[in-house]
$ cat structure20.cif   # mmCIF, C-alpha atoms
data_start
#
loop_
_atom_site.label_atom_id
_atom_site.label_comp_id
_atom_site.auth_asym_id
_atom_site.auth_seq_id
_atom_site.Cartn_x
_atom_site.Cartn_y
_atom_site.Cartn_z
CA MET P 48 -0.52 -21.80 53.61
CA LEU P 49 0.75 -24.82 55.46
CA ASP P 50 -1.05 -23.66 58.62
CA ALA P 51 -4.29 -23.16 56.68
CA CYS P 52 -3.93 -26.48 54.82
CA PRO P 53 -2.05 -28.85 57.15
CA GLU P 54 -2.80 -31.86 54.94
CA LEU P 55 -0.34 -30.38 52.41
CA ASN P 56 2.45 -30.60 54.99
CA ARG P 57 2.51 -34.40 54.89
CA GLY P 58 5.68 -35.86 53.42
CA ASP P 59 3.67 -38.08 51.07
CA ALA P 60 1.32 -35.34 49.83
CA PRO P 61 1.50 -35.14 46.03
CA VAL P 62 2.53 -31.67 44.85
CA THR P 63 2.62 -30.27 41.34
CA ARG P 64 4.25 -26.91 40.68
CA THR P 65 3.72 -24.53 37.78
CA ASN P 66 4.30 -20.85 37.13
CA SER P 67 1.12 -20.37 35.12
CA LEU P 68 -2.18 -19.50 36.80
CA GLU P 69 -3.97 -20.66 33.66
CA THR P 70 -2.33 -24.09 33.99
CA VAL P 71 -3.36 -24.26 37.66
CA ARG P 72 -6.98 -23.34 36.85
CA ASN P 73 -7.07 -25.99 34.10
CA MET P 74 -5.55 -28.64 36.36
CA VAL P 75 -8.16 -27.93 39.06
CA ALA P 76 -10.96 -27.90 36.44
CA SER P 77 -9.70 -31.29 35.22
CA GLY P 78 -10.02 -32.76 38.71
CA LEU P 79 -6.29 -32.93 39.39
CA GLY P 80 -6.54 -31.42 42.86
CA VAL P 81 -7.01 -28.12 44.62
CA SER P 82 -5.01 -24.91 44.69
CA VAL P 83 -4.75 -21.62 46.48
CA LEU P 84 -4.98 -18.77 43.97
CA PRO P 85 -4.97 -14.99 44.23
CA ARG P 86 -8.48 -13.54 44.17
CA ASP P 87 -7.76 -11.87 40.82
CA ALA P 88 -7.23 -15.30 39.27
CA LEU P 89 -10.95 -16.01 39.76
CA THR P 90 -12.48 -12.83 38.36
CA PRO P 91 -15.43 -13.19 35.94
CA LYS P 92 -12.97 -13.11 33.03
CA TYR P 93 -11.73 -16.53 34.22
CA HIS P 94 -15.07 -17.92 35.40
CA SER P 95 -15.52 -21.64 35.03
CA LYS P 96 -18.27 -23.88 36.35
CA LEU P 97 -15.53 -26.44 36.95
CA VAL P 98 -13.56 -24.25 39.37
CA VAL P 99 -15.41 -23.29 42.53
CA PRO P 100 -13.91 -20.70 44.89
CA VAL P 101 -14.08 -21.66 48.56
CA PRO P 102 -13.30 -18.81 50.95
CA PHE P 103 -10.98 -19.43 53.88
CA ALA P 104 -12.47 -19.71 57.34
CA ARG P 105 -11.39 -17.17 59.94
CA PRO P 106 -8.68 -16.35 60.65
CA VAL P 107 -8.16 -15.68 56.94
CA PRO P 108 -4.52 -16.06 55.82
CA SER P 109 -2.87 -12.84 54.75
CA ARG P 110 0.47 -11.61 53.51
CA ARG P 111 2.55 -8.48 53.69
CA ILE P 112 4.30 -7.13 50.63
CA ALA P 113 7.20 -4.72 50.43
CA LEU P 114 8.77 -2.59 47.74
CA ALA P 115 12.54 -2.65 48.06
CA TYR P 116 15.02 -0.77 45.89
CA ARG P 117 18.50 0.73 46.00
CA LYS P 118 18.72 4.39 46.99
CA SER P 119 20.80 4.86 43.84
CA PHE P 120 18.16 3.28 41.53
CA PRO P 121 18.27 5.48 38.42
CA ARG P 122 14.50 5.58 37.80
CA PRO P 123 12.75 6.95 40.89
CA ALA P 124 9.64 7.71 38.83
CA ALA P 125 9.24 3.98 38.13
CA ILE P 126 9.41 3.23 41.86
CA ALA P 127 6.85 5.95 42.55
CA ALA P 128 4.52 4.55 39.87
CA ILE P 129 4.69 1.05 41.35
CA ARG P 130 4.15 2.40 44.88
CA ASP P 131 1.20 4.53 43.76
CA ALA P 132 -0.39 1.58 41.92
CA VAL P 133 -0.20 -0.54 45.08
CA VAL P 134 -1.66 2.27 47.17
CA VAL P 135 -4.59 2.59 44.75
CA CYS P 136 -5.30 -1.12 45.22
CA ARG P 137 -4.97 -0.90 49.00
CA PRO P 138 -5.63 2.64 50.29
CA SER P 139 -4.72 1.60 53.84
CA LEU P 140 -1.10 1.30 52.69
CA SER P 141 -0.75 5.02 52.01
CA ASN P 142 0.28 5.66 55.62
CA SER P 143 2.92 2.95 55.72
CA ARG P 144 5.19 3.98 52.84
CA SER P 145 8.90 3.81 53.44
CA SER P 146 11.99 3.58 51.30
CA ALA P 147 14.66 0.91 51.51
#
$ encode --input "structure20.cif" --output "structure tokens"
Amino acid sequence: MLDACPELNRGDAPVTRTNSLETVRNMVASGLGVSVLPRDALTPKYHSKLVVPVPFARPVPSRRIALAYRKSFPRPAAIAAIRDAVVVCRPSLSNSRSSA
């Protein structure tokens, strides 16, 4: 994010932190700044004329996620369900499954 938004890397840049996407959307809608949100946070369910999505220019930032668990985890079906849910969202991940 800091590479994509270098102005946020300034020592004097004001930063507000919250754990709630709803709070972030409301802060942006109130004119209290800008934010980077997951795409799902801007689905039609959360549409607001006061919050305008602006796509990133290329190269678009990305991230890699991993599913890590102990080999002795007592609920392997839960791990499989999480893995399968991620694969449904991103079919290209089905070839890169591995266990930790």
$ atom_distance --input "structure20.cif" --atom1 "atom CA of P:Phe103" --atom2 "atom CA of P:Ala76"
19.4 Å
$ atom_distance --input "structure20.cif" --atom1 "atom CA of P:Ser109" --atom2 "atom CA of P:Ser77"
27.7 Å
$ axis_aligned_box --input "structure20.cif" --around "stretch 72-89 of chain P" --padding-each-side "6 Å" --output "lines of an AutoDock Vina configuration file"
center_x = -7.9
center_y = -22.4
center_z = 40.3
size_x = 18.2
size_y = 33.1
size_z = 24.4
$ resolve_selection --input "structure20.cif" --expression "the PyMOL selection byres ((chain P and resi 71) around 12)" --output "PyMOL selection string"
chain P and resi 62-70+72-85+88-89+93+98
$ atom_distance --input "structure20.cif" --atom1 "atom CA of P:Ala128" --atom2 "atom CA of P:Tyr116"
13.2 Å
$ resolve_selection --input "structure20.cif" --expression "the PyMOL selection byres ((chain P and resi 108) around 12)" --output "PDB file with C-alpha atoms, in the coordinates of the input"
ATOM      1  CA  MET P  48      -0.520 -21.800  53.610  1.00  0.00           C
ATOM      2  CA  LEU P  49       0.750 -24.820  55.460  1.00  0.00           C
ATOM      3  CA  ASP P  50      -1.050 -23.660  58.620  1.00  0.00           C
ATOM      4  CA  ALA P  51      -4.290 -23.160  56.680  1.00  0.00           C
ATOM      5  CA  CYS P  52      -3.930 -26.480  54.820  1.00  0.00           C
ATOM      6  CA  VAL P  83      -4.750 -21.620  46.480  1.00  0.00           C
ATOM      7  CA  PRO P  85      -4.970 -14.990  44.230  1.00  0.00           C
ATOM      8  CA  PRO P 102     -13.300 -18.810  50.950  1.00  0.00           C
ATOM      9  CA  PHE P 103     -10.980 -19.430  53.880  1.00  0.00           C
ATOM     10  CA  ALA P 104     -12.470 -19.710  57.340  1.00  0.00           C
ATOM     11  CA  ARG P 105     -11.390 -17.170  59.940  1.00  0.00           C
ATOM     12  CA  PRO P 106      -8.680 -16.350  60.650  1.00  0.00           C
ATOM     13  CA  VAL P 107      -8.160 -15.680  56.940  1.00  0.00           C
ATOM     14  CA  SER P 109      -2.870 -12.840  54.750  1.00  0.00           C
ATOM     15  CA  ARG P 110       0.470 -11.610  53.510  1.00  0.00           C
ATOM     16  CA  ARG P 111       2.550  -8.480  53.690  1.00  0.00           C
TER      17      ARG P 111
END
